[in-house]
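Each remark here refers to the structure printed beneath this line.
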Amino acid sequence: MSGYQVNGSVIEHDEEGYLKDIGQWSKDVADVIAQAEKIDMSDEHWEVVNFLRDYYDEYQIAPAVRILVKEMTKKYGKEKGDQKALYNLFPYGPAKQACKIAGLPKPTGCV
């Protein structure tokens, strides 16, 4: 079983790096996952991660990239909801990679 080393604890994840127990997520866990993903977390990254966590709390599902773009645009405006801007933040897929850092399950529709 593999896991992220966070503050002396091992946080288990699946073979793709998604947390086995989303209840173990914290900002420290997110930072460790982001390092593993080679992402240097900025305020813009946190905005997407926090948006995803709020979305998951409300709908109990991680949004696919199409829905993420639409909902981010609705909440933050076109420049932050822009798909290209989101890919600049999360080059391996804004929904997939951001959900991993947010401690959420892999979004449906992501292969």
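Every chain in the structure tokens has a letter given in the order shown (A, B, ...), and although residue numbers restart at 1 in each chain, ligands are simply numbered from 1 in the order shown.
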
Worksheet item: as a ChimeraX atom specification, which residues of chain A does DSSP assign to strand (DSSP E or B)?
Response: /A:2-6,9-13,19

Within 9 Å of stretch 93-102 of chain A, which residues of stretch 10-63 of chain A show up? Give each one with its shortest atom-to-atom distance in Å (one decimal) and the two atoms involved, counting only C-alpha atoms, rows by chain then rising residue number, as JSON lines.
{"residue": "A:Glu16", "atom": "CA", "partner": "A:Lys100", "partner_atom": "CA", "distance": 8.9}
{"residue": "A:Gly17", "atom": "CA", "partner": "A:Lys100", "partner_atom": "CA", "distance": 6.9}
{"residue": "A:Tyr18", "atom": "CA", "partner": "A:Lys100", "partner_atom": "CA", "distance": 5.3}
{"residue": "A:Leu19", "atom": "CA", "partner": "A:Lys100", "partner_atom": "CA", "distance": 7.4}
{"residue": "A:Ile22", "atom": "CA", "partner": "A:Ala102", "partner_atom": "CA", "distance": 8.8}
{"residue": "A:Trp25", "atom": "CA", "partner": "A:Ala102", "partner_atom": "CA", "distance": 7.5}
{"residue": "A:Ser26", "atom": "CA", "partner": "A:Ala102", "partner_atom": "CA", "distance": 8.5}
{"residue": "A:Lys27", "atom": "CA", "partner": "A:Ala102", "partner_atom": "CA", "distance": 8.6}
{"residue": "A:Val29", "atom": "CA", "partner": "A:Ile101", "partner_atom": "CA", "distance": 8.0}
{"residue": "A:Ala30", "atom": "CA", "partner": "A:Ile101", "partner_atom": "CA", "distance": 5.0}
{"residue": "A:Asp31", "atom": "CA", "partner": "A:Ile101", "partner_atom": "CA", "distance": 7.6}
{"residue": "A:Val32", "atom": "CA", "partner": "A:Ile101", "partner_atom": "CA", "distance": 8.5}
{"residue": "A:Ile33", "atom": "CA", "partner": "A:Ile101", "partner_atom": "CA", "distance": 5.5}
{"residue": "A:Ala34", "atom": "CA", "partner": "A:Ile101", "partner_atom": "CA", "distance": 5.9}
{"residue": "A:Glu37", "atom": "CA", "partner": "A:Gln97", "partner_atom": "CA", "distance": 7.9}
{"residue": "A:His45", "atom": "CA", "partner": "A:Ala98", "partner_atom": "CA", "distance": 8.0}
{"residue": "A:Trp46", "atom": "CA", "partner": "A:Ala102", "partner_atom": "CA", "distance": 8.9}
{"residue": "A:Val48", "atom": "CA", "partner": "A:Ala98", "partner_atom": "CA", "distance": 7.1}
{"residue": "A:Val49", "atom": "CA", "partner": "A:Ala102", "partner_atom": "CA", "distance": 5.2}
{"residue": "A:Asn50", "atom": "CA", "partner": "A:Ala102", "partner_atom": "CA", "distance": 7.3}
{"residue": "A:Leu52", "atom": "CA", "partner": "A:Cys99", "partner_atom": "CA", "distance": 6.8}
{"residue": "A:Arg53", "atom": "CA", "partner": "A:Ala102", "partner_atom": "CA", "distance": 6.4}
{"residue": "A:Ala62", "atom": "CA", "partner": "A:Cys99", "partner_atom": "CA", "distance": 7.0}
{"residue": "A:Pro63", "atom": "CA", "partner": "A:Ala95", "partner_atom": "CA", "distance": 6.8}

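Atom CA of A:Tyr55 is found 16.3 Å from atom CA of A:Leu86.
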
Worksheet item: DSSP on the backbone: what in stretch 61-101 of chain A comes out alpha helix (DSSP H), as a VMD selection string?
Response: chain A and resid 65 to 76 78 to 81 83 to 89 94 to 101

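Excluding A:Val69 itself and same-chain residues fewer than 3 positions from it, the residues having an atom within 7 Å of it are A:Val65, A:Arg66, A:Met72, A:Thr73, A:Gly81, A:Asp82, A:Gln83, counting only C-alpha atoms.
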
Worksheet item: Residues at most 10 Å from A:Ser2, counting only C-alpha atoms, excluding those fewer than 6 positions away in the same chain, as a ChimeraX atom specification?
Response: /A:10-15,17

May I have the selected residues written with N, CA, C and O atoms, as a PDB file, in the first residue's frame?
ATOM      1  N   VAL A  10       1.262   8.453   7.449  1.00  0.00           N
ATOM      2  CA  VAL A  10       1.133   7.991   6.069  1.00  0.00           C
ATOM      3  C   VAL A  10      -0.339   8.090   5.686  1.00  0.00           C
ATOM      4  O   VAL A  10      -1.203   7.519   6.349  1.00  0.00           O
ATOM      5  N   ILE A  11      -0.606   8.850   4.639  1.00  0.00           N
ATOM      6  CA  ILE A  11      -1.964   9.011   4.127  1.00  0.00           C
ATOM      7  C   ILE A  11      -2.064   8.118   2.888  1.00  0.00           C
ATOM      8  O   ILE A  11      -1.400   8.378   1.878  1.00  0.00           O
ATOM      9  N   GLU A  12      -2.893   7.084   2.980  1.00  0.00           N
ATOM     10  CA  GLU A  12      -2.971   6.111   1.893  1.00  0.00           C
ATOM     11  C   GLU A  12      -3.665   6.670   0.665  1.00  0.00           C
ATOM     12  O   GLU A  12      -4.609   7.449   0.770  1.00  0.00           O
ATOM     13  N   HIS A  13      -3.146   6.231  -0.496  1.00  0.00           N
ATOM     14  CA  HIS A  13      -3.769   6.606  -1.763  1.00  0.00           C
ATOM     15  C   HIS A  13      -3.782   5.401  -2.701  1.00  0.00           C
ATOM     16  O   HIS A  13      -3.100   4.411  -2.464  1.00  0.00           O
ATOM     17  N   ASP A  14      -4.599   5.523  -3.752  1.00  0.00           N
ATOM     18  CA  ASP A  14      -4.671   4.429  -4.736  1.00  0.00           C
ATOM     19  C   ASP A  14      -3.488   4.511  -5.698  1.00  0.00           C
ATOM     20  O   ASP A  14      -2.615   5.376  -5.556  1.00  0.00           O
ATOM     21  N   GLU A  15      -3.477   3.628  -6.698  1.00  0.00           N
ATOM     22  CA  GLU A  15      -2.339   3.567  -7.622  1.00  0.00           C
ATOM     23  C   GLU A  15      -2.177   4.833  -8.462  1.00  0.00           C
ATOM     24  O   GLU A  15      -1.106   5.105  -8.971  1.00  0.00           O
ATOM     25  N   GLY A  17      -2.814   7.903  -7.127  1.00  0.00           N
ATOM     26  CA  GLY A  17      -2.497   8.992  -6.211  1.00  0.00           C
ATOM     27  C   GLY A  17      -3.695   9.661  -5.571  1.00  0.00           C
ATOM     28  O   GLY A  17      -3.542  10.638  -4.833  1.00  0.00           O
TER      29      GLY A  17
END
